[in-house]
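Chemist: What follows is entry.tsv; its format and atoms are TSV, C-alpha atoms.
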chain	number	residue	atom	x	y	z
A	224	MET	CA	-0.81	-44.34	-8.91
A	225	ILE	CA	-3.11	-43.80	-5.93
A	226	THR	CA	-5.48	-40.85	-5.76
A	227	ALA	CA	-7.04	-38.80	-2.95
A	228	ARG	CA	-9.73	-36.61	-4.42
A	229	GLN	CA	-10.65	-35.11	-1.05
A	230	LEU	CA	-7.18	-33.55	-0.72
A	231	PRO	CA	-5.19	-31.06	-2.84
A	232	GLU	CA	-3.27	-33.90	-4.42
A	233	ASP	CA	-1.20	-31.81	-6.84
A	234	ALA	CA	0.05	-29.57	-4.04
A	235	ILE	CA	0.93	-32.55	-1.84
A	236	ARG	CA	2.82	-34.23	-4.66
A	237	ALA	CA	4.68	-30.99	-5.41
A	238	ARG	CA	5.90	-30.86	-1.81
A	239	ALA	CA	6.98	-34.47	-1.99
A	240	ARG	CA	8.98	-33.74	-5.15
A	241	GLU	CA	10.39	-30.29	-4.44
A	242	GLY	CA	10.66	-30.06	-0.65
A	243	SER	CA	10.68	-26.61	0.99
A	244	ALA	CA	10.71	-24.82	-2.38
A	245	ALA	CA	7.10	-25.92	-2.88
A	246	ILE	CA	5.75	-23.71	-0.10
A	247	PHE	CA	6.53	-20.67	-2.28
A	248	PRO	CA	5.13	-19.69	-5.68
A	249	ASP	CA	7.05	-21.03	-8.68
A	250	VAL	CA	10.52	-19.48	-8.45
A	251	GLY	CA	10.72	-19.59	-12.24
A	252	GLY	CA	8.35	-16.63	-12.36
A	253	TYR	CA	10.35	-14.49	-9.93
A	254	GLY	CA	11.13	-11.09	-11.37
A	255	ARG	CA	8.20	-11.30	-13.80
A	256	SER	CA	5.28	-12.11	-11.48
A	257	LEU	CA	3.48	-10.15	-8.75
A	258	PHE	CA	2.17	-12.07	-5.79
A	259	GLY	CA	-0.85	-11.67	-3.53
A	260	ALA	CA	-3.81	-13.47	-2.02
A	261	ASP	CA	-6.04	-15.44	-4.38
A	262	VAL	CA	-9.58	-14.46	-3.43
A	263	GLY	CA	-11.23	-16.50	-6.18
A	264	SER	CA	-13.50	-15.49	-9.03
A	265	GLY	CA	-16.21	-14.24	-6.68
A	266	GLY	CA	-13.92	-11.70	-5.03
A	267	ASP	CA	-13.67	-10.98	-1.32
A	268	GLU	CA	-16.28	-9.48	1.01
A	269	LEU	CA	-15.36	-5.95	0.01
A	270	ASP	CA	-15.82	-6.79	-3.67
A	271	ARG	CA	-19.20	-8.38	-2.97
A	272	ALA	CA	-20.50	-5.35	-1.06
A	273	ARG	CA	-22.94	-3.21	-3.05
A	274	ILE	CA	-22.88	0.58	-3.28
A	275	VAL	CA	-26.47	1.66	-2.61
A	276	PRO	CA	-27.61	5.12	-3.76
A	277	PRO	CA	-30.62	6.50	-1.88
A	278	VAL	CA	-33.83	7.79	-3.44
A	279	PHE	CA	-33.85	10.99	-1.39
A	280	VAL	CA	-30.70	13.09	-1.75
A	281	PRO	CA	-30.73	16.20	0.47
A	282	ARG	CA	-26.98	16.73	-0.05
A	283	ARG	CA	-27.64	17.10	-3.76
A	284	LEU	CA	-30.27	19.70	-2.96
A	285	GLU	CA	-27.74	21.60	-0.86
A	286	LYS	CA	-25.24	21.45	-3.70
A	287	MET	CA	-27.85	22.65	-6.15
A	288	PHE	CA	-28.48	25.72	-3.99
A	289	ASP	CA	-24.71	26.39	-3.86
A	290	LEU	CA	-24.27	26.08	-7.62
A	291	ALA	CA	-27.61	27.57	-8.68
A	292	ARG	CA	-28.00	24.60	-11.04
A	293	GLU	CA	-28.40	20.83	-10.93
A	294	PRO	CA	-25.15	19.18	-9.76
A	295	VAL	CA	-23.39	16.63	-11.97
A	296	TYR	CA	-20.59	14.15	-11.28
A	297	GLY	CA	-17.95	16.68	-12.31
A	298	ASP	CA	-18.87	18.70	-9.22
A	299	VAL	CA	-17.58	15.98	-6.87
A	300	GLY	CA	-14.40	17.18	-5.18
A	301	LEU	CA	-11.59	14.65	-4.86
A	302	SER	CA	-8.72	16.73	-3.50
A	303	THR	CA	-7.69	15.79	0.00
A	304	VAL	CA	-4.94	15.88	2.62
A	305	LEU	CA	-3.46	12.49	3.41
A	306	GLY	CA	-0.69	11.93	5.88
A	307	GLY	CA	0.02	15.66	5.90
A	308	PHE	CA	0.34	15.90	2.10
A	309	THR	CA	-2.01	17.67	-0.29
A	310	ALA	CA	-3.18	15.34	-3.06
A	311	PRO	CA	-5.52	15.83	-6.03
A	312	SER	CA	-7.38	12.63	-5.15
A	313	PRO	CA	-7.39	10.11	-2.27
A	314	VAL	CA	-4.82	7.84	-3.93
A	315	PHE	CA	-1.16	7.15	-3.15
A	316	LEU	CA	1.53	4.91	-4.60
A	317	CYS	CA	2.31	1.95	-2.35
A	318	ALA	CA	5.76	0.77	-1.35
A	319	PHE	CA	7.42	-1.69	-3.73
A	320	GLY	CA	10.50	-2.29	-1.61
A	321	SER	CA	13.42	-4.20	-3.02
A	322	THR	CA	11.42	-6.49	-5.28
A	323	GLN	CA	13.19	-7.36	-8.53
A	324	VAL	CA	10.14	-6.28	-10.55
A	325	ALA	CA	10.28	-2.72	-9.20
A	326	GLY	CA	14.05	-2.62	-9.54
A	327	SER	CA	13.93	-3.43	-13.24
A	328	GLY	CA	13.03	0.14	-14.24
A	329	LEU	CA	9.35	-0.01	-13.40
A	330	GLY	CA	10.03	1.67	-10.06
A	331	ILE	CA	11.53	4.70	-11.79
A	332	ALA	CA	8.68	4.87	-14.32
A	333	ALA	CA	6.09	4.66	-11.56
A	334	SER	CA	7.91	7.37	-9.57
A	335	GLU	CA	7.94	9.81	-12.47
A	336	GLN	CA	4.27	9.27	-13.31
A	337	ALA	CA	3.25	9.52	-9.64
A	338	GLY	CA	5.10	12.82	-9.52
A	339	ARG	CA	3.24	14.17	-12.54
A	340	LEU	CA	-0.05	13.13	-10.93
A	341	GLY	CA	0.86	14.86	-7.66
A	342	MET	CA	0.04	11.68	-5.75
A	343	PRO	CA	2.12	10.85	-2.65
A	344	MET	CA	4.60	8.00	-3.16
A	345	VAL	CA	6.05	5.52	-0.66
A	346	ILE	CA	9.51	4.07	-1.31
A	347	GLY	CA	9.65	0.67	0.35
A	348	GLU	CA	12.08	-1.03	2.66
A	349	ASN	CA	15.47	-2.50	1.75
A	350	VAL	CA	15.99	-0.45	-1.42
A	351	VAL	CA	19.28	0.92	-0.07
A	352	PRO	CA	20.71	-2.34	1.32
A	353	MET	CA	19.74	-4.19	-1.87
A	354	HIS	CA	20.10	-1.64	-4.71
A	355	GLY	CA	22.24	1.06	-3.16
A	356	TYR	CA	21.58	4.66	-2.29
A	357	GLY	CA	22.30	5.99	-5.78
A	358	ARG	CA	25.41	8.05	-5.19
A	359	MET	CA	28.57	7.96	-7.32
A	360	GLY	CA	29.66	4.42	-8.06
A	361	GLU	CA	26.22	2.98	-7.40
A	362	SER	CA	23.36	2.27	-9.77
A	363	ALA	CA	21.47	5.56	-9.85
A	364	GLU	CA	18.42	4.02	-11.50
A	365	ASP	CA	17.86	1.18	-9.07
A	366	GLY	CA	18.91	3.17	-6.01
A	367	LEU	CA	16.70	5.14	-3.68
A	368	LEU	CA	17.91	8.51	-4.96
A	369	GLY	CA	16.91	7.57	-8.50
A	370	ARG	CA	13.28	7.20	-7.44
A	371	ILE	CA	13.31	10.41	-5.40
A	372	ARG	CA	14.82	12.40	-8.27
A	373	ALA	CA	12.37	11.00	-10.80
A	374	TYR	CA	9.47	11.99	-8.55
A	375	ALA	CA	10.80	15.38	-7.46
A	376	GLY	CA	11.57	16.37	-11.04
A	377	ALA	CA	7.95	15.85	-12.11
A	378	VAL	CA	5.74	16.73	-9.14
A	379	PRO	CA	3.86	20.08	-9.28
A	380	ASP	CA	4.53	22.63	-6.55
A	381	GLY	CA	2.35	22.17	-3.49
A	382	LEU	CA	1.20	18.64	-4.29
A	383	GLY	CA	2.26	15.16	-3.27
A	384	GLY	CA	5.17	14.00	-1.20
A	385	VAL	CA	7.73	11.21	-0.83
A	386	VAL	CA	7.62	8.72	2.02
A	387	VAL	CA	10.73	6.67	2.77
A	388	GLN	CA	10.11	3.42	4.59
A	389	GLN	CA	12.62	1.93	7.01
A	390	SER	CA	12.99	-1.59	8.39
A	391	THR	CA	15.61	-3.07	10.71
A	392	GLU	CA	18.20	-3.47	7.98
A	393	ASP	CA	17.47	0.04	6.67
A	394	ALA	CA	18.08	1.42	10.16
A	395	ASP	CA	21.48	-0.30	10.16
A	396	ALA	CA	22.20	1.47	6.86
A	397	GLU	CA	21.01	4.80	8.37
A	398	VAL	CA	18.62	5.36	5.48
A	399	TRP	CA	16.58	8.10	7.14
A	400	ASN	CA	19.73	10.00	8.16
A	401	LEU	CA	21.02	9.85	4.58
A	402	VAL	CA	17.77	11.11	3.06
A	403	TYR	CA	17.16	13.80	5.66
A	404	SER	CA	20.47	15.50	4.85
A	405	ASP	CA	20.66	14.78	1.10
A	406	PRO	CA	20.43	17.73	-1.36
A	407	SER	CA	18.13	15.66	-3.61
A	408	ALA	CA	15.47	15.74	-0.89
A	409	THR	CA	16.01	19.34	0.23
A	410	LYS	CA	13.15	20.85	-1.76
A	411	LEU	CA	10.73	18.19	-0.58
A	412	LEU	CA	11.85	18.69	3.01
A	413	GLU	CA	11.62	22.49	2.86
A	414	THR	CA	8.10	22.35	1.42
A	415	GLY	CA	6.82	19.81	3.97
A	416	ARG	CA	6.63	16.99	1.44
A	417	LEU	CA	8.96	14.42	2.97
A	418	ALA	CA	7.88	11.69	5.37
A	419	PHE	CA	9.47	8.68	6.99
A	420	GLU	CA	7.45	5.50	7.47
A	421	LEU	CA	8.13	2.99	10.22
A	422	LYS	CA	7.35	-0.45	8.82
A	423	VAL	CA	5.68	-2.65	11.43
A	424	GLY	CA	4.40	-5.15	8.86
A	425	GLN	CA	2.75	-5.77	5.49
A	426	GLY	CA	-0.24	-7.61	4.12
A	427	ALA	CA	1.57	-10.17	1.97
A	428	LYS	CA	3.27	-11.80	4.95
A	429	PRO	CA	1.99	-10.56	8.32
A	430	GLY	CA	4.50	-11.20	11.07
A	431	LEU	CA	7.41	-11.82	8.67
A	432	GLY	CA	10.01	-9.48	7.27
A	433	GLY	CA	10.59	-8.74	3.61
A	434	MET	CA	11.64	-11.61	1.32
A	435	THR	CA	13.30	-11.71	-2.07
A	436	VAL	CA	14.98	-14.32	-4.26
A	437	LEU	CA	18.62	-13.68	-5.13
A	438	SER	CA	21.44	-15.24	-7.08
A	439	ARG	CA	24.12	-16.85	-4.94
A	440	THR	CA	26.57	-14.12	-5.91
A	441	ALA	CA	24.24	-11.31	-4.86
A	442	ALA	CA	23.31	-13.14	-1.66
A	443	GLY	CA	26.95	-13.48	-0.71
A	444	GLU	CA	27.34	-9.71	-0.74
A	445	ILE	CA	24.57	-9.13	1.82
A	446	ALA	CA	24.75	-12.35	3.88
A	447	GLU	CA	25.91	-10.45	6.99
A	448	GLN	CA	22.81	-8.25	6.94
A	449	TYR	CA	20.08	-10.77	6.10
A	450	THR	CA	19.05	-14.36	6.65
A	451	VAL	CA	19.90	-16.42	3.57
A	452	ASP	CA	18.33	-19.86	3.10
A	453	GLU	CA	18.91	-22.75	0.68
A	454	THR	CA	15.14	-23.03	0.31
A	455	PHE	CA	15.23	-23.98	-3.37
A	456	GLY	CA	17.92	-26.60	-3.04
A	457	THR	CA	21.71	-26.55	-3.16
A	458	ASP	CA	21.70	-27.48	-6.84
A	459	THR	CA	19.89	-24.28	-7.90
A	460	SER	CA	21.33	-20.83	-8.60
A	461	MET	CA	18.80	-19.00	-6.41
A	462	VAL	CA	18.50	-18.54	-2.64
A	463	LEU	CA	15.91	-16.96	-0.34
A	464	ARG	CA	16.81	-13.70	1.40
A	465	SER	CA	14.74	-12.72	4.46
A	466	SER	CA	14.61	-9.56	6.54
A	467	SER	CA	13.94	-9.31	10.24
A	468	PRO	CA	10.28	-8.57	11.04
A	469	GLY	CA	11.26	-6.36	13.97
A	470	THR	CA	9.89	-6.57	17.52
A	471	PHE	CA	7.05	-4.33	18.67
A	472	THR	CA	4.96	-3.78	21.76
A	473	GLY	CA	2.73	-0.79	22.41
A	474	GLU	CA	5.52	0.94	24.31
A	475	ILE	CA	8.17	0.17	21.68
A	476	LEU	CA	5.92	1.59	18.97
A	477	ARG	CA	5.27	4.74	21.00
A	478	GLN	CA	8.98	5.26	21.64
A	479	GLN	CA	9.88	4.68	17.99
A	480	ILE	CA	7.40	7.33	16.87
A	481	HIS	CA	8.68	9.75	19.51
A	482	LEU	CA	12.22	9.19	18.23
A	483	MET	CA	11.06	9.87	14.67
A	484	ARG	CA	9.45	13.14	15.75
A	485	ASN	CA	12.49	14.21	17.76
A	486	ASN	CA	15.22	13.15	15.32
A	487	TYR	CA	13.49	14.30	12.12
A	488	PRO	CA	11.24	17.20	13.17
A	489	ARG	CA	10.78	18.53	9.61
A	490	ALA	CA	9.59	15.19	8.20
A	491	ARG	CA	6.15	13.66	8.59
A	492	ALA	CA	5.90	10.45	10.63
A	493	TRP	CA	4.03	7.53	9.04
A	494	VAL	CA	3.46	4.01	10.36
A	495	LYS	CA	2.64	0.90	8.33
A	496	LEU	CA	0.76	-1.96	10.00
A	497	HIS	CA	0.12	-5.49	8.86
A	498	PRO	CA	-3.44	-6.90	9.13
A	499	GLY	CA	-3.06	-8.24	12.66
A	500	ARG	CA	-5.93	-9.05	14.96
A	501	ASP	CA	-5.04	-6.04	17.16
A	502	VAL	CA	-4.72	-3.64	14.23
A	503	GLY	CA	-7.29	-1.26	15.74
A	504	GLU	CA	-5.35	-0.99	18.99
A	505	ALA	CA	-2.04	-0.55	17.15
A	506	ALA	CA	-3.47	2.25	15.01
A	507	GLN	CA	-4.74	4.07	18.10
A	508	VAL	CA	-1.31	3.76	19.75
A	509	ALA	CA	0.39	5.17	16.65
A	510	TRP	CA	-1.97	8.13	16.33
A	511	ALA	CA	-1.79	8.93	20.04
A	512	ALA	CA	2.02	8.91	19.83
A	513	GLY	CA	1.91	11.54	17.09
A	514	ALA	CA	1.93	9.62	13.82
A	515	ASP	CA	0.72	11.78	10.92
A	516	SER	CA	-0.68	8.72	9.19
A	517	VAL	CA	-1.27	5.01	9.67
A	518	THR	CA	-1.25	2.69	6.67
A	519	VAL	CA	-2.98	-0.68	6.97
A	520	ASP	CA	-2.07	-3.31	4.41
A	521	GLY	CA	-4.95	-5.79	4.18
A	522	ALA	CA	-4.24	-9.48	3.70
A	523	GLU	CA	-5.02	-8.98	0.00
A	524	GLY	CA	-2.13	-6.52	-0.30
A	525	GLY	CA	1.55	-6.88	-1.11
A	526	THR	CA	3.74	-6.91	-4.19
A	527	GLY	CA	6.64	-9.04	-3.05
A	528	TRP	CA	7.65	-12.64	-2.60
A	529	ALA	CA	5.85	-14.55	0.15
A	530	PRO	CA	5.07	-18.14	1.16
A	531	SER	CA	1.82	-19.30	-0.43
A	532	VAL	CA	0.33	-20.22	2.95
A	533	PHE	CA	0.71	-16.59	4.06
A	534	LEU	CA	-0.87	-15.26	0.89
A	535	ASP	CA	-3.84	-17.59	1.26
A	536	GLN	CA	-4.40	-17.97	5.00
A	537	VAL	CA	-2.67	-15.37	7.18
A	538	GLY	CA	-3.93	-11.93	8.20
A	539	LEU	CA	-7.26	-10.16	8.36
A	540	PRO	CA	-9.02	-9.22	5.13
A	541	LEU	CA	-8.96	-5.50	4.39
A	542	VAL	CA	-12.68	-5.13	5.11
A	543	GLU	CA	-12.21	-6.55	8.62
A	544	CYS	CA	-9.24	-4.26	9.23
A	545	LEU	CA	-11.46	-1.32	8.36
A	546	ARG	CA	-14.12	-2.53	10.79
A	547	ARG	CA	-11.62	-2.96	13.63
A	548	VAL	CA	-9.94	0.41	13.12
A	549	GLY	CA	-13.23	2.24	12.54
A	550	LYS	CA	-13.81	5.89	11.71
A	551	HIS	CA	-11.12	8.24	12.95
A	552	ASP	CA	-10.31	11.91	12.52
A	553	ALA	CA	-6.67	11.07	11.80
A	554	SER	CA	-5.30	9.89	8.48
A	555	LEU	CA	-5.94	6.19	7.74
A	556	LEU	CA	-4.49	4.87	4.49
A	557	VAL	CA	-5.29	1.38	3.24
A	558	SER	CA	-4.19	-0.97	0.48
A	559	GLY	CA	-5.14	-4.39	-0.78
A	560	ARG	CA	-6.10	-5.17	-4.40
A	561	ILE	CA	-7.16	-1.59	-5.13
A	562	TRP	CA	-7.31	-0.81	-8.82
A	563	GLU	CA	-10.72	0.73	-9.58
A	564	GLY	CA	-13.17	3.24	-8.14
A	565	ALA	CA	-15.76	0.97	-6.55
A	566	ARG	CA	-13.36	-0.82	-4.21
A	567	ALA	CA	-11.71	2.50	-3.43
A	568	LEU	CA	-15.05	4.13	-2.57
A	569	LYS	CA	-16.01	1.24	-0.29
A	570	CYS	CA	-12.80	1.72	1.66
A	571	LEU	CA	-13.42	5.47	1.94
A	572	ALA	CA	-17.00	4.85	3.11
A	573	MET	CA	-15.70	2.54	5.85
A	574	GLY	CA	-13.30	5.12	7.23
A	575	ALA	CA	-10.19	5.22	5.05
A	576	SER	CA	-8.74	8.61	4.11
A	577	ALA	CA	-7.08	7.29	0.97
A	578	VAL	CA	-6.22	4.09	-0.88
A	579	GLY	CA	-2.94	2.80	-2.27
A	580	LEU	CA	-2.07	1.31	-5.64
A	581	GLY	CA	0.58	-1.43	-5.57
A	582	ARG	CA	0.48	-4.34	-8.01
A	583	ALA	CA	-2.01	-2.43	-10.20
A	584	ALA	CA	0.45	0.44	-10.50
A	585	LEU	CA	3.28	-1.86	-11.56
A	586	LEU	CA	1.05	-3.54	-14.14
A	587	ALA	CA	0.05	-0.12	-15.48
A	588	VAL	CA	3.63	1.11	-15.95
A	589	ASP	CA	4.60	-2.25	-17.42
A	590	GLU	CA	1.86	-1.73	-20.03
A	591	ASP	CA	2.93	1.84	-20.76
A	592	ALA	CA	6.04	3.22	-19.07
A	593	THR	CA	5.10	6.79	-19.98
A	594	GLU	CA	1.36	7.09	-19.35
A	595	GLY	CA	0.09	3.79	-17.93
A	596	LEU	CA	-0.19	4.84	-14.29
A	597	VAL	CA	-1.57	8.25	-15.23
A	598	ARG	CA	-4.37	6.63	-17.24
A	599	LEU	CA	-5.12	4.08	-14.50
A	600	VAL	CA	-5.49	6.82	-11.88
A	601	ARG	CA	-7.64	8.97	-14.19
A	602	CYS	CA	-10.02	6.02	-14.65
A	603	LEU	CA	-10.23	5.49	-10.89
A	604	GLU	CA	-10.87	9.21	-10.30
A	605	LEU	CA	-13.68	9.30	-12.86
A	606	GLU	CA	-15.33	6.25	-11.28
A	607	LEU	CA	-15.05	7.87	-7.84
A	608	ARG	CA	-16.81	10.97	-9.12
A	609	LEU	CA	-19.56	8.98	-10.83
A	610	LEU	CA	-20.19	6.76	-7.81
A	611	THR	CA	-20.09	9.58	-5.24
A	612	SER	CA	-22.46	11.67	-7.33
A	613	ALA	CA	-24.83	8.71	-7.63
A	614	LEU	CA	-24.96	8.63	-3.82
A	615	GLY	CA	-26.08	12.25	-3.85
A	616	LYS	CA	-22.83	13.45	-2.28
A	617	TYR	CA	-20.14	15.81	-3.54
A	618	ASP	CA	-17.52	15.62	-0.80
A	619	LEU	CA	-15.72	12.35	-0.06
A	620	ALA	CA	-15.83	13.15	3.66
A	621	ASP	CA	-19.62	12.65	3.52
A	622	LEU	CA	-19.31	8.96	2.56
A	623	THR	CA	-20.36	6.55	5.31
A	624	SER	CA	-20.98	2.84	5.77
A	625	ASP	CA	-24.67	3.58	5.15
A	626	ASP	CA	-23.70	3.87	1.49
A	627	LEU	CA	-22.84	0.16	1.44
A	628	TRP	CA	-24.81	-3.08	1.68
A	629	PHE	CA	-23.14	-6.40	2.45
A	630	PRO	CA	-24.83	-9.63	1.30
A	631	GLY	CA	-26.24	-11.55	4.23
A	632	SER	CA	-26.67	-8.43	6.35
A	633	SER	CA	-29.95	-8.56	8.24
A	634	ALA	CA	-29.84	-4.87	9.11
A	635	ARG	CA	-32.00	-2.64	6.96
A	636	THR	CA	-30.12	0.16	5.24
A	637	GLU	CA	-31.47	3.55	6.35
A	638	GLN	CA	-31.26	6.69	4.27
A	639	HIS	CA	-29.18	9.43	5.88
A	640	GLY	CA	-28.62	11.69	2.87
Let me see the file written as structure tokens.

Modeler:
Amino acid sequence: MITARQLPEDAIRARAREGSAAIFPDVGGYGRSLFGADVGSGGDELDRARIVPPVFVPRRLEKMFDLAREPVYGDVGLSTVLGGFTAPSPVFLCAFGSTQVAGSGLGIAASEQAGRLGMPMVIGENVVPMHGYGRMGESAEDGLLGRIRAYAGAVPDGLGGVVVQQSTEDADAEVWNLVYSDPSATKLLETGRLAFELKVGQGAKPGLGGMTVLSRTAAGEIAEQYTVDETFGTDTSMVLRSSSPGTFTGEILRQQIHLMRNNYPRARAWVKLHPGRDVGEAAQVAWAAGADSVTVDGAEGGTGWAPSVFLDQVGLPLVECLRRVGKHDASLLVSGRIWEGARALKCLAMGASAVGLGRAALLAVDEDATEGLVRLVRCLELELRLLTSALGKYDLADLTSDDLWFPGSSARTEQHG
């Protein structure tokens, strides 16, 4: 057997053996595995950035005068408004879409715990076309209504909100129309806690639509709505189902947002962008058109099935997305391997209004379907308070890029309080 040490020999041989199936992760793990970019043991640039507390802390002095005592980390305020919703901390639950993992009961568990926490929750694309709406005769647990009911039954008054994402296939199923007029969503709608999110793209596969793996029987039922491919071979029981990515220009995006505002005036309008090179321009277009929030999914983000080459090589890293979008008065939500307070704080310091939990949330509810997500978020909140207090600040809005140092940066960090 010949060798070629300078090349990824195992990967080349796998392609020679398995054909097109080899460009995806191992299909044997589908339904039990979560997928995303492999950034290596050293982490990405955002992980490697250091949080740098100053010596002089005038904001702490101001807080001391307000409190008439020395401030401590418990005095850091985390409550915020994100995308038009009031939240106890700058954290939201990301979209899981129609992935088999979320449809196995974890989606319902995550919804209920997110509701108890009062954190806003996004329900991803293709839930209705794939799992049903949740009315009579349909699976209530896997359907969209099941997740809404689990959330609405647990969320405290005045906190949180549900965001329903829509893609091309969802539009064909009139998902937003169904939700907007459904009694299950009435309370959320009447209290200003319902939003619709236009999905322009996602971090796991920028430029592509959603993908899942289905049995041949299930694929046959939705073949008219989706692209179905024999990617894994005709002798296997599984096929690849792909959604349309949709077509957008600046004008199309503007018009779509205007339609959302006109057709659903009582719902918030959110937009989700993939980590494209023009993400800053796209965010500005969305905000100018009236979007209440823009979510940017960094290349490290995503919970669903995607070709390995997209996970490893396509899309801007989250840190670069933050640089290109920059500070903005409007609501900027970001996601991409968020699971603890340091990475969350770095995103907030670079201009994000809040961060989203995706794969980490699913892992947490898989560990404990009753309290796992609650405990994960409480840990993140405590870390945020500790880190913000260490910077001599007690309001998350005071965080800036001056609070961070990136290895290799030649610029000297100045102290701005």

Chemist: Quick one: everything within 8 Å of range 455-458 of chain A, counting all atoms listed in the file, minus sequence neighbours fewer than 3 positions away in the same chain. Send it as JSON, numbers by chain.

Modeler: {"A": [243, 244, 461, 462, 463]}

Chemist: List the residues sitting within 10 Å of (-4.4, 11.5, 2.3) in the file's frame, using only C-alpha atoms, as a list in words.

Modeler: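 The residues that fall inside the cut-off are Ser302, Thr303, Val304, Leu305, Gly306, Gly307, Phe308, Thr309, Ala310, Pro311, Ser312, Pro313, Val314, Phe315, Met342, Pro343, Gly383, Ser516, Ala553, Ser554, Leu555, Leu556, Ala575, Ser576, Ala577, Val578 and Gly579 of chain A.
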
Chemist: Using all atoms listed in the file, which of the listed residues (A:Pro281, A:Gly384, A:Gly549, A:Gly433) sits closest to Glu413 in chain A?

Modeler: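 That would be A:Gly384, the residue with the smallest distance to Glu413 in chain A.
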
Chemist: Just to confirm, what's the straight-line distance from CA of Arg372 in chain A to CA of Gly341 in chain A in Å (one decimal)?

Modeler: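 These two atoms are separated by 14.2 Å.
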
Chemist: Please list as a PyMOL selection string every residue within 9 Å of range 472-483 of chain A, counting only C-alpha atoms and excluding residues in the same chain fewer than 4 positions away.

Modeler: chain A and resi 419+421+423+487-488+490-494+504-505+508-509+511-514
